[in-house]
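Peer 1: Input run-v7.txt, format and content: compact mmCIF, C-alpha atoms.
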```txt
# COMPACT_ATOMS: atom_id res chain seq x y z
CA MET A 1 5.66 -0.90 14.90
CA ARG A 2 4.07 -1.87 11.59
CA LEU A 3 4.59 -1.11 7.94
CA TYR A 4 1.68 -0.48 5.57
CA ASP A 5 2.85 -2.27 2.48
CA ALA A 6 1.39 -2.29 -1.03
CA GLY A 7 2.92 -5.47 -2.35
CA ARG A 8 4.43 -5.25 -5.82
CA ALA A 9 4.56 -1.47 -6.23
CA PRO A 10 8.13 -0.06 -6.48
CA ASN A 11 8.22 2.08 -3.35
CA PRO A 12 7.12 -0.60 -0.86
CA ARG A 13 9.66 -2.95 -2.46
CA ARG A 14 12.44 -0.41 -1.87
CA VAL A 15 11.73 -0.44 1.85
CA ARG A 16 11.45 -4.24 2.02
CA ILE A 17 14.82 -4.64 0.27
CA PHE A 18 16.36 -2.09 2.64
CA LEU A 19 15.02 -3.95 5.69
CA ALA A 20 16.28 -7.28 4.29
CA GLU A 21 19.77 -5.78 3.82
CA LYS A 22 19.68 -4.60 7.43
CA GLY A 23 18.28 -7.91 8.71
CA ILE A 24 15.31 -6.14 10.31
CA ALA A 25 11.86 -7.76 10.48
CA VAL A 26 8.84 -5.42 10.68
CA PRO A 27 5.23 -6.66 10.71
CA LEU A 28 3.51 -5.79 7.42
CA VAL A 29 -0.05 -4.58 7.00
CA PRO A 30 -1.01 -5.35 3.38
CA LEU A 31 -2.73 -2.68 1.28
CA ASP A 32 -4.37 -3.78 -1.98
CA LEU A 33 -3.85 -0.93 -4.45
CA ASN A 34 -6.15 -2.56 -7.01
CA ARG A 35 -8.96 -2.37 -4.47
CA LEU A 36 -7.87 1.25 -3.76
CA GLU A 37 -7.32 0.41 -0.09
CA HIS A 38 -4.81 3.31 0.03
CA ARG A 39 -7.61 5.74 -0.85
CA THR A 40 -9.86 4.96 2.13
CA PRO A 41 -10.51 7.56 4.86
CA ALA A 42 -8.96 5.13 7.37
CA TYR A 43 -5.67 5.12 5.48
CA ALA A 44 -5.81 8.87 4.81
CA ALA A 45 -5.80 9.30 8.60
CA ILE A 46 -2.46 7.45 8.60
CA ASN A 47 -0.99 9.12 5.51
CA PRO A 48 -2.95 12.12 4.18
CA LEU A 49 -1.10 11.75 0.86
CA ARG A 50 -2.63 8.23 0.62
CA GLN A 51 0.59 6.65 -0.54
CA SER A 52 2.32 3.44 0.49
CA PRO A 53 4.48 2.59 2.34
CA ALA A 54 3.97 4.21 5.74
CA LEU A 55 5.57 3.14 9.01
CA GLU A 56 3.47 3.42 12.16
CA LEU A 57 5.37 3.45 15.43
CA ASP A 58 3.99 2.01 18.65
CA ASP A 59 2.97 5.47 19.89
CA GLY A 60 1.00 6.13 16.68
CA THR A 61 3.61 8.41 15.09
CA VAL A 62 3.68 7.84 11.33
CA ILE A 63 6.72 8.10 9.06
CA ALA A 64 5.77 8.15 5.38
CA GLU A 65 7.97 8.36 2.27
CA SER A 66 10.15 5.36 1.46
CA VAL A 67 13.49 7.09 1.86
CA ALA A 68 12.43 8.67 5.18
CA ILE A 69 11.46 5.23 6.48
CA CYS A 70 14.82 3.84 5.34
CA ARG A 71 16.69 6.72 6.97
CA TYR A 72 14.87 6.08 10.25
CA PHE A 73 16.10 2.49 10.27
CA GLU A 74 19.60 3.61 9.21
CA GLU A 75 19.70 5.87 12.27
CA LEU A 76 18.51 3.09 14.60
CA HIS A 77 20.61 0.32 12.99
CA PRO A 78 23.67 1.90 11.36
CA GLU A 79 25.20 -1.42 10.22
CA PRO A 80 25.61 -2.18 7.40
CA PRO A 81 25.65 1.48 6.29
CA LEU A 82 23.36 2.02 3.30
CA PHE A 83 23.50 5.85 3.25
CA GLY A 84 27.29 6.19 3.47
CA THR A 85 29.42 7.02 6.50
CA MET A 86 31.64 10.08 5.89
CA ALA A 87 30.49 13.50 4.65
CA LEU A 88 31.52 13.08 1.02
CA GLU A 89 30.24 9.51 0.76
CA ARG A 90 26.91 10.50 2.33
CA ALA A 91 26.56 13.31 -0.20
CA GLN A 92 27.44 11.00 -3.08
CA VAL A 93 24.94 8.35 -1.95
CA GLU A 94 22.29 11.07 -1.69
CA MET A 95 23.22 12.39 -5.15
CA TRP A 96 22.98 8.98 -6.79
CA GLN A 97 19.89 7.94 -4.85
CA ARG A 98 18.19 11.09 -6.14
CA ARG A 99 19.49 10.59 -9.66
CA MET A 100 18.06 7.06 -9.64
CA GLU A 101 14.72 8.49 -8.49
CA PHE A 102 14.46 11.51 -10.76
CA GLY A 103 16.29 10.01 -13.74
CA LEU A 104 15.06 6.41 -13.67
CA LEU A 105 12.33 5.32 -11.25
CA GLY A 106 10.28 8.51 -11.70
CA PRO A 107 10.32 8.50 -15.51
CA VAL A 108 9.74 4.71 -15.71
CA SER A 109 6.80 5.14 -13.32
CA ALA A 110 5.45 7.97 -15.50
CA VAL A 111 5.53 5.65 -18.54
CA PHE A 112 3.72 2.95 -16.56
CA ARG A 113 1.18 5.21 -14.90
CA HIS A 114 0.24 7.20 -17.99
CA LEU A 115 0.27 4.45 -20.62
CA HIS A 116 -0.79 1.22 -18.90
CA PRO A 117 -4.55 0.58 -19.15
CA ALA A 118 -4.60 -0.99 -15.67
CA MET A 119 -3.55 2.37 -14.17
CA ALA A 120 -6.57 4.27 -15.53
CA PRO A 121 -8.55 4.12 -12.26
CA MET A 122 -5.54 5.35 -10.23
CA GLU A 123 -3.88 7.89 -12.51
CA VAL A 124 -6.55 10.49 -13.23
CA PRO A 125 -6.13 11.91 -15.80
CA GLN A 126 -3.81 9.60 -17.69
CA VAL A 127 -1.83 11.82 -20.08
CA ALA A 128 -0.53 9.50 -22.80
CA ALA A 129 1.68 12.21 -24.30
CA TRP A 130 3.45 12.57 -20.93
CA GLY A 131 3.97 8.83 -20.77
CA GLU A 132 5.50 8.90 -24.26
CA ALA A 133 7.68 11.92 -23.41
CA ASN A 134 9.27 9.92 -20.60
CA LYS A 135 10.41 7.03 -22.79
CA PRO A 136 13.41 8.85 -24.30
CA ARG A 137 14.21 10.31 -20.86
CA VAL A 138 14.53 6.80 -19.46
CA MET A 139 16.82 5.76 -22.33
CA ASP A 140 18.97 8.92 -22.07
CA PHE A 141 19.41 8.34 -18.36
CA LEU A 142 20.26 4.65 -18.80
CA ALA A 143 23.02 5.67 -21.24
CA ILE A 144 24.47 8.06 -18.62
CA LEU A 145 24.20 5.33 -16.00
CA ASP A 146 25.92 2.80 -18.26
CA ARG A 147 28.90 5.13 -18.73
CA HIS A 148 29.04 5.72 -14.97
CA LEU A 149 28.92 2.00 -14.17
CA SER A 150 31.80 1.32 -16.58
CA GLY A 151 34.00 2.67 -13.79
CA SER A 152 32.07 1.81 -10.64
CA ARG A 153 31.07 -1.53 -9.09
CA PHE A 154 27.98 -0.13 -7.35
CA ILE A 155 26.01 2.99 -8.17
CA ALA A 156 27.54 5.21 -5.50
CA GLY A 157 31.01 3.63 -5.51
CA ASP A 158 32.54 0.51 -3.99
CA ARG A 159 29.80 -0.12 -1.47
CA PHE A 160 26.20 -1.27 -1.94
CA SER A 161 23.83 1.55 -0.90
CA ILE A 162 20.25 2.76 -1.07
CA ALA A 163 21.10 4.12 -4.53
CA ASP A 164 21.48 0.52 -5.72
CA ILE A 165 18.12 -0.38 -4.19
CA THR A 166 16.35 2.45 -6.03
CA GLY A 167 18.25 1.53 -9.19
CA LEU A 168 17.33 -2.16 -8.95
CA VAL A 169 13.66 -1.36 -8.41
CA GLY A 170 13.78 1.14 -11.28
CA VAL A 171 15.35 -1.32 -13.73
CA ASP A 172 12.96 -4.09 -12.67
CA PHE A 173 10.06 -1.70 -13.25
CA LEU A 174 11.00 -1.35 -16.93
CA LYS A 175 9.10 -4.56 -17.69
CA PRO A 176 5.67 -3.54 -16.30
CA ALA A 177 6.20 -0.23 -18.15
CA LYS A 178 6.75 -2.27 -21.34
CA LEU A 179 10.27 -0.95 -21.76
CA ALA A 180 13.45 -2.96 -22.21
CA LEU A 181 17.03 -2.42 -21.16
CA PRO A 182 18.96 -2.01 -24.45
CA GLU A 183 21.34 -4.90 -25.22
CA GLU A 184 24.35 -2.59 -25.52
CA MET A 185 24.11 -1.41 -21.92
CA THR A 186 26.56 -4.01 -20.74
CA HIS A 187 27.65 -2.17 -17.59
CA VAL A 188 24.08 -1.70 -16.37
CA LYS A 189 23.50 -5.42 -17.09
CA ARG A 190 26.63 -6.47 -15.15
CA TRP A 191 25.60 -4.29 -12.20
CA HIS A 192 21.96 -5.42 -12.33
CA ALA A 193 22.95 -9.10 -12.37
CA GLU A 194 25.01 -8.56 -9.22
CA VAL A 195 22.43 -6.63 -7.20
CA ALA A 196 19.51 -8.79 -8.39
CA ALA A 197 21.38 -11.87 -7.09
CA ARG A 198 21.51 -10.54 -3.53
CA PRO A 199 19.02 -12.34 -1.24
CA SER A 200 17.39 -8.97 -0.44
CA ALA A 201 16.21 -8.61 -4.05
CA ALA A 202 13.55 -11.25 -3.43
CA ALA A 203 11.92 -9.06 -0.80
CA MET B 204 35.24 24.85 -3.97
CA ARG B 205 32.69 26.51 -6.23
CA LEU B 206 28.98 26.28 -6.88
CA TYR B 207 27.53 26.35 -10.40
CA ASP B 208 24.46 28.46 -9.87
CA ALA B 209 21.56 29.15 -12.23
CA GLY B 210 20.22 32.32 -10.64
CA ARG B 211 16.47 32.47 -10.22
CA ALA B 212 15.60 28.80 -10.77
CA PRO B 213 14.14 27.06 -7.70
CA ASN B 214 16.84 24.45 -7.05
CA PRO B 215 19.82 26.82 -7.00
CA ARG B 216 17.82 29.08 -4.67
CA ARG B 217 17.26 26.18 -2.27
CA VAL B 218 21.01 25.74 -1.90
CA ARG B 219 21.68 29.47 -1.54
CA ILE B 220 19.07 29.74 1.24
CA PHE B 221 20.56 26.70 2.96
CA LEU B 222 24.06 28.21 2.83
CA ALA B 223 22.75 31.55 4.14
CA GLU B 224 21.09 29.76 7.09
CA LYS B 225 24.42 28.05 7.83
CA GLY B 226 26.42 31.26 7.36
CA ILE B 227 28.63 29.62 4.72
CA ALA B 228 29.98 31.57 1.74
CA VAL B 229 30.80 29.60 -1.42
CA PRO B 230 32.05 31.22 -4.64
CA LEU B 231 29.36 31.07 -7.32
CA VAL B 232 29.87 30.34 -11.01
CA PRO B 233 26.83 31.77 -12.81
CA LEU B 234 25.02 29.67 -15.43
CA ASP B 235 22.56 31.44 -17.73
CA LEU B 236 19.72 28.97 -18.35
CA ASN B 237 18.16 31.21 -20.99
CA ARG B 238 21.37 30.95 -22.99
CA LEU B 239 21.33 27.17 -22.32
CA GLU B 240 24.73 27.35 -20.63
CA HIS B 241 23.77 24.20 -18.67
CA ARG B 242 23.50 22.29 -21.95
CA THR B 243 27.08 22.84 -23.12
CA PRO B 244 29.56 19.94 -23.39
CA ALA B 245 31.76 21.76 -20.85
CA TYR B 246 28.99 21.70 -18.25
CA ALA B 247 27.97 18.12 -19.15
CA ALA B 248 31.51 17.13 -18.14
CA ILE B 249 30.73 18.56 -14.68
CA ASN B 250 27.18 17.22 -14.41
CA PRO B 251 26.13 14.71 -17.09
CA LEU B 252 22.49 15.38 -16.21
CA ARG B 253 23.13 19.03 -17.19
CA GLN B 254 21.25 20.41 -14.22
CA SER B 255 22.07 23.20 -11.80
CA PRO B 256 23.28 23.51 -9.09
CA ALA B 257 26.47 21.47 -8.89
CA LEU B 258 29.23 21.83 -6.31
CA GLU B 259 32.80 21.31 -7.47
CA LEU B 260 35.34 20.54 -4.75
CA ASP B 261 38.97 21.63 -4.95
CA ASP B 262 40.07 18.14 -6.13
CA GLY B 263 37.52 18.21 -8.97
CA THR B 264 34.96 15.94 -7.28
CA VAL B 265 31.44 17.07 -8.16
CA ILE B 266 28.36 16.82 -5.96
CA ALA B 267 25.14 17.44 -7.89
CA GLU B 268 21.52 17.45 -6.69
CA SER B 269 20.43 20.27 -4.39
CA VAL B 270 19.63 18.14 -1.38
CA ALA B 271 22.91 16.20 -1.70
CA ILE B 272 24.83 19.49 -1.73
CA CYS B 273 22.91 20.64 1.35
CA ARG B 274 23.56 17.36 3.12
CA TYR B 275 27.29 17.68 2.42
CA PHE B 276 27.36 21.06 4.14
CA GLU B 277 25.19 19.73 6.99
CA GLU B 278 27.82 17.03 7.59
CA LEU B 279 30.67 19.53 7.54
CA HIS B 280 28.85 22.26 9.49
CA PRO B 281 26.22 20.61 11.71
CA GLU B 282 25.08 23.89 13.33
CA PRO B 283 22.36 25.02 13.08
CA PRO B 284 20.88 21.58 12.26
CA LEU B 285 18.66 21.77 9.17
CA PHE B 286 18.12 18.01 8.68
CA GLY B 287 17.18 17.21 12.31
CA THR B 288 19.33 15.69 15.04
CA MET B 289 17.77 12.53 16.51
CA ALA B 290 16.52 9.48 14.53
CA LEU B 291 12.81 10.33 14.56
CA GLU B 292 13.36 14.02 13.82
CA ARG B 293 15.71 13.19 10.95
CA ALA B 294 13.11 10.86 9.49
CA GLN B 295 10.37 13.47 9.88
CA VAL B 296 12.50 16.17 8.23
CA GLU B 297 13.22 13.77 5.37
CA MET B 298 9.52 12.91 5.09
CA TRP B 299 8.41 16.53 4.93
CA GLN B 300 11.29 17.60 2.70
CA ARG B 301 10.22 14.91 0.24
CA ARG B 302 6.54 15.79 0.56
CA MET B 303 7.40 19.40 -0.25
CA GLU B 304 9.31 18.22 -3.31
CA PHE B 305 6.89 15.62 -4.65
CA GLY B 306 3.70 17.35 -3.52
CA LEU B 307 4.54 21.01 -4.11
CA LEU B 308 7.77 22.01 -5.86
CA GLY B 309 7.59 19.21 -8.43
CA PRO B 310 3.95 19.78 -9.44
CA VAL B 311 4.37 23.60 -9.46
CA SER B 312 7.46 23.14 -11.66
CA ALA B 313 5.47 20.86 -13.98
CA VAL B 314 2.84 23.58 -14.39
CA PHE B 315 5.56 26.14 -15.14
CA ARG B 316 7.63 23.96 -17.44
CA HIS B 317 4.75 22.57 -19.49
CA LEU B 318 2.56 25.68 -19.78
CA HIS B 319 4.88 28.71 -19.78
CA PRO B 320 5.83 29.80 -23.33
CA ALA B 321 9.32 30.82 -22.18
CA MET B 322 10.05 27.17 -21.28
CA ALA B 323 9.43 25.84 -24.81
CA PRO B 324 13.15 25.73 -25.76
CA MET B 325 14.04 23.87 -22.54
CA GLU B 326 11.09 21.51 -21.97
CA VAL B 327 10.90 19.39 -25.12
CA PRO B 328 8.18 18.34 -25.64
CA GLN B 329 5.96 20.63 -23.61
CA VAL B 330 2.86 18.60 -22.74
CA ALA B 331 0.16 21.14 -21.91
CA ALA B 332 -2.23 18.45 -20.65
CA TRP B 333 0.39 17.40 -18.10
CA GLY B 334 0.82 20.99 -16.96
CA GLU B 335 -2.94 21.28 -16.51
CA ALA B 336 -3.13 17.92 -14.68
CA ASN B 337 -0.72 19.28 -12.08
CA LYS B 338 -2.81 22.33 -11.15
CA PRO B 339 -5.33 20.41 -9.01
CA ARG B 340 -2.48 18.38 -7.51
CA VAL B 341 -0.86 21.57 -6.28
CA MET B 342 -4.13 22.76 -4.75
CA ASP B 343 -4.89 19.39 -3.12
CA PHE B 344 -1.42 19.33 -1.59
CA LEU B 345 -1.68 22.92 -0.34
CA ALA B 346 -4.92 21.98 1.44
CA ILE B 347 -3.15 19.07 3.19
CA LEU B 348 -0.27 21.38 4.08
CA ASP B 349 -2.65 24.01 5.46
CA ARG B 350 -4.23 21.47 7.80
CA HIS B 351 -0.78 20.30 8.89
CA LEU B 352 0.45 23.84 9.58
CA SER B 353 -2.62 24.55 11.72
CA GLY B 354 -0.77 22.56 14.38
CA SER B 355 2.88 23.13 13.57
CA ARG B 356 5.03 26.28 13.56
CA PHE B 357 7.43 24.99 10.91
CA ILE B 358 6.88 22.28 8.33
CA ALA B 359 8.70 19.51 10.19
CA GLY B 360 7.86 20.67 13.71
CA ASP B 361 9.20 23.34 16.07
CA ARG B 362 12.47 23.88 14.26
CA PHE B 363 13.21 25.48 10.88
CA SER B 364 14.59 22.82 8.50
CA ILE B 365 15.35 22.08 4.88
CA ALA B 366 11.65 21.17 4.51
CA ASP B 367 10.83 24.86 5.09
CA ILE B 368 13.38 25.87 2.46
CA THR B 369 11.84 23.57 -0.16
CA GLY B 370 8.38 24.75 0.90
CA LEU B 371 9.32 28.44 0.66
CA VAL B 372 10.83 27.98 -2.78
CA GLY B 373 7.78 25.96 -3.85
CA VAL B 374 5.26 28.56 -2.68
CA ASP B 375 7.30 31.41 -4.22
CA PHE B 376 7.35 29.48 -7.50
CA LEU B 377 3.53 29.57 -7.68
CA LYS B 378 3.76 33.07 -9.20
CA PRO B 379 5.97 32.23 -12.22
CA ALA B 380 3.67 29.22 -12.74
CA LYS B 381 0.71 31.67 -12.79
CA LEU B 382 -0.89 30.00 -9.78
CA ALA B 383 -2.02 31.69 -6.58
CA LEU B 384 -2.15 30.59 -2.97
CA PRO B 385 -5.88 30.47 -2.13
CA GLU B 386 -7.00 33.15 0.36
CA GLU B 387 -8.45 30.59 2.77
CA MET B 388 -5.08 28.90 3.37
CA THR B 389 -4.41 31.01 6.42
CA HIS B 390 -1.95 28.60 8.05
CA VAL B 391 0.21 28.36 4.94
CA LYS B 392 0.14 32.18 4.76
CA ARG B 393 1.16 32.56 8.40
CA TRP B 394 4.02 30.08 7.93
CA HIS B 395 5.09 31.64 4.61
CA ALA B 396 5.18 35.13 6.10
CA GLU B 397 7.50 33.90 8.87
CA VAL B 398 9.96 31.99 6.68
CA ALA B 399 9.94 34.62 3.91
CA ALA B 400 10.97 37.23 6.51
CA ARG B 401 14.16 35.37 7.43
CA PRO B 402 17.27 37.04 5.99
CA SER B 403 18.14 33.81 4.13
CA ALA B 404 15.02 34.14 1.97
CA ALA B 405 16.69 36.96 0.02
CA ALA B 406 19.42 34.55 -1.13
```
Starting from the coordinates I provided, produce the structure as structure tokens.
Peer 2:
Amino acid sequence: MRLYDAGRAPNPRRVRIFLAEKGIAVPLVPLDLNRLEHRTPAYAAINPLRQSPALELDDGTVIAESVAICRYFEELHPEPPLFGTMALERAQVEMWQRRMEFGLLGPVSAVFRHLHPAMAPMEVPQVAAWGEANKPRVMDFLAILDRHLSGSRFIAGDRFSIADITGLVGVDFLKPAKLALPEEMTHVKRWHAEVAARPSAAA
Amino acid sequence: MRLYDAGRAPNPRRVRIFLAEKGIAVPLVPLDLNRLEHRTPAYAAINPLRQSPALELDDGTVIAESVAICRYFEELHPEPPLFGTMALERAQVEMWQRRMEFGLLGPVSAVFRHLHPAMAPMEVPQVAAWGEANKPRVMDFLAILDRHLSGSRFIAGDRFSIADITGLVGVDFLKPAKLALPEEMTHVKRWHAEVAARPSAAA
């Protein structure tokens, strides 16, 4: 088994944090996005969508998509549970994991991809107006998240979950996108300080 | 239990098809998107992201996000399985479900939302260049999907799954987005004809 891993990009980091929380070691195959190593025909044969990460099993089967890779390891190693355990909790983790993707990580990534000069070779075409349109979306979502976290220790309740991982990666990606967490978002700051202090966050 | 349902929009349809496949009846509360009923303070109290669908349980707990609602019903009513059963199959269903979202339904929706005049009151700002940028993405993804379906009956293998539901809704949404499935995509057409003929597709 080996994991094709593109270093500092948000999605590979999500999987590395998840594996660290589970205490699972998987050999990494580095992909250099700046050298467009994910765009080669060799990598397209592994993942036709040419995205990282991708997990290759010993029989050659490939699982792509960060959350699918995480779910595979959750099935094989259920402890500690990072997708919830009972029906309602599993649904709530899924809801918040998706909200963190569609409300935070996705819009922050759109700001980064469409406005950062370094992304010009990868994001074709860059649409600056789309990058700008995502800035208020990020801030609106952070305000909703701040209200939610005023009554919740972690994003999906009392237990750390994959929703916290996506949230941590999303908040940490504000900086490369040249955005800042507003000072008044004290609940997001309290939550972020806690999850960023976990050993897994260094992954 | 009741489901806030915005009629013809793609996400509510995903949940209705899923429920029809499971044989589950849930009372629907209609939301008229054209009258912006999902933007009212009353609905924001149910789902702060002001999106449809949302499932309200009898104790007032709300589960939002289409796939989270589907997963809740999968947990309560495992048969027929629509998220897979064993670890690898569950990961592959998740992978393909996400590919259908990020590769097809999302980009088709971006074309619709950013280029269709009727969406101007809801998509603020409409960024026409972003709508246009998504057209070739849709076509590139459909080509990858066509190659995949040349060797697979359903999207995630031999069994109908939630990935087929997202795919069906995505392909059917080409028309409102004023896009067309290219004639040469014979495998996508064969697959679409089969899934569109299931009774659930009328949901």
Peer 1: Counting only C-alpha atoms, a student should be able to say which residues of chain B come within 8 Å of chain A; what is the right answer, written as a PyMOL selection string?
Peer 2: chain B and resi 251-252+266-268+270-272+274-275+278-279+290-291+293-295+297-298+301-302+328+330+332-333+336+344+347
Peer 1: To one decimal place in Å, what is the distance between CA of Leu3 (chain A) and CA of Phe160 (chain A)?
Peer 2: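 Between these atoms lies a distance of 23.8 Å.
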Peer 1: Work out how far CA of Arg190 (chain A) is from CA of Thr85 (chain A), in Å to one decimal.
Peer 2: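 Spanning CA of Thr85 (chain A) to CA of Arg190 (chain A) is a straight-line distance of 25.7 Å.
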Peer 1: Could you check the closest approach to Ile358 (chain B) for each of B:Val229, B:Ala405, B:Val398, B:Val341 and tell me which residue wins, using all atoms listed in the file?
Peer 2: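 Under the stated criterion, the closest residue is B:Val398.
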Peer 1: State, in Å with one decimal place, the distance from CA of Val232 (chain B) to CA of Pro379 (chain B).
Peer 2: 24.0 Å
Peer 1: Which one is closest to His280 (chain B): B:Gly210, B:Gly370, B:Pro339, B:Gly226? Count all atoms listed in the file.
Peer 2: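 For His280 (chain B), the nearest of the given residues is B:Gly226.
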Peer 1: Excluding Pro215 (chain B) and its own-chain neighbours fewer than 6 positions away, which residues fall within 8 Å of it when counting all atoms listed in the file? Please give them as a list in words.
Peer 2: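 Close residues of Pro215 (chain B): Asp208, Ala209, Ser255, Pro256 and Ser269 of chain B.
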Peer 1: When you count only C-alpha atoms, which of these residues is closest to Arg238 (chain B): B:Pro324, B:Pro283, B:Pro213, B:Gly309?
Peer 2: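 Of B:Pro324, B:Pro283, B:Pro213, B:Gly309, the one nearest Arg238 (chain B) is B:Pro324, counting only C-alpha atoms.
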Peer 1: So that I can see what lies close to region 185-187 of chain A, please list as a list in words the residues with an atom at most 9 Å from it, counting all atoms listed in the file and leaving out residues fewer than 6 positions away in the same chain.
Peer 2: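 Counting all atoms listed in the file, the residues come to Leu142, Ala143, Leu145, Asp146, Arg147, His148, Leu149, Ser150 and Gly151 of chain A.
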Peer 1: Closest to Ser109 (chain A) among A:Ile24, A:Ala9, A:Leu33, A:Ala44, using all atoms listed in the file?
Peer 2: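 Checking each candidate against Ser109 (chain A), we get A:Ala9 as the closest.
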Peer 1: Considering only C-alpha atoms, state which residue in the set A:Met1, A:Met100, A:Val188, A:Ile162 is at the smallest distance from Lys22 (chain A).
Peer 2: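 Ranked by minimum distance to Lys22 (chain A), first place goes to A:Ile162.
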Peer 1: So that I can check the surroundings of Leu179 (chain A), please list as a count of residues only every protein, DNA and RNA residue that reaches within 9 Å of it, counting all atoms listed in the file and ignoring chain neighbours fewer than 5 positions away.
Peer 2: 5
Peer 1: Please determine, counting only C-alpha atoms, which residue among B:Arg401, B:Pro385, B:Asn237, B:Leu318 has the shortest atom-to-atom distance to Asp367 (chain B).
Peer 2: B:Arg401
Peer 1: Model the absent atoms of region 130-143 of chain A so that N, CA, C and O atoms are present, and write the result as a short mmCIF file (atom, residue, chain, number, x, y, z; two decimals), in the frame of the given file.
Peer 2:
```cif
data_model
loop_
_atom_site.label_atom_id
_atom_site.label_comp_id
_atom_site.auth_asym_id
_atom_site.auth_seq_id
_atom_site.Cartn_x
_atom_site.Cartn_y
_atom_site.Cartn_z
N TRP A 130 2.44 12.47 -21.99
CA TRP A 130 3.45 12.57 -20.93
C TRP A 130 4.14 11.22 -20.73
O TRP A 130 5.36 11.14 -20.55
N GLY A 131 3.36 10.14 -20.82
CA GLY A 131 3.97 8.83 -20.77
C GLY A 131 4.98 8.65 -21.90
O GLY A 131 6.12 8.22 -21.68
N GLU A 132 4.59 9.02 -23.10
CA GLU A 132 5.50 8.90 -24.26
C GLU A 132 6.73 9.78 -24.09
O GLU A 132 7.85 9.38 -24.43
N ALA A 133 6.55 10.99 -23.57
CA ALA A 133 7.68 11.92 -23.41
C ALA A 133 8.73 11.37 -22.46
O ALA A 133 9.90 11.76 -22.52
N ASN A 134 8.32 10.47 -21.57
CA ASN A 134 9.27 9.92 -20.60
C ASN A 134 10.09 8.77 -21.15
O ASN A 134 11.12 8.42 -20.57
N LYS A 135 9.65 8.16 -22.25
CA LYS A 135 10.41 7.03 -22.79
C LYS A 135 11.84 7.42 -23.18
O LYS A 135 12.79 6.76 -22.76
N PRO A 136 12.02 8.48 -23.99
CA PRO A 136 13.41 8.85 -24.30
C PRO A 136 14.19 9.33 -23.08
O PRO A 136 15.42 9.17 -23.02
N ARG A 137 13.50 9.90 -22.08
CA ARG A 137 14.21 10.31 -20.86
C ARG A 137 14.81 9.10 -20.15
O ARG A 137 15.93 9.15 -19.65
N VAL A 138 14.03 8.03 -20.09
CA VAL A 138 14.53 6.80 -19.46
C VAL A 138 15.78 6.33 -20.21
O VAL A 138 16.80 5.99 -19.59
N MET A 139 15.70 6.29 -21.54
CA MET A 139 16.82 5.76 -22.33
C MET A 139 18.05 6.67 -22.22
O MET A 139 19.18 6.19 -22.11
N ASP A 140 17.84 7.99 -22.23
CA ASP A 140 18.97 8.92 -22.07
C ASP A 140 19.64 8.71 -20.71
O ASP A 140 20.87 8.72 -20.59
N PHE A 141 18.83 8.53 -19.68
CA PHE A 141 19.41 8.34 -18.36
C PHE A 141 20.15 7.01 -18.27
O PHE A 141 21.25 6.94 -17.69
N LEU A 142 19.58 5.95 -18.84
CA LEU A 142 20.26 4.65 -18.80
C LEU A 142 21.62 4.72 -19.49
O LEU A 142 22.59 4.08 -19.05
N ALA A 143 21.72 5.53 -20.55
CA ALA A 143 23.02 5.67 -21.24
C ALA A 143 24.04 6.37 -20.32
O ALA A 143 25.21 5.97 -20.27
#
```
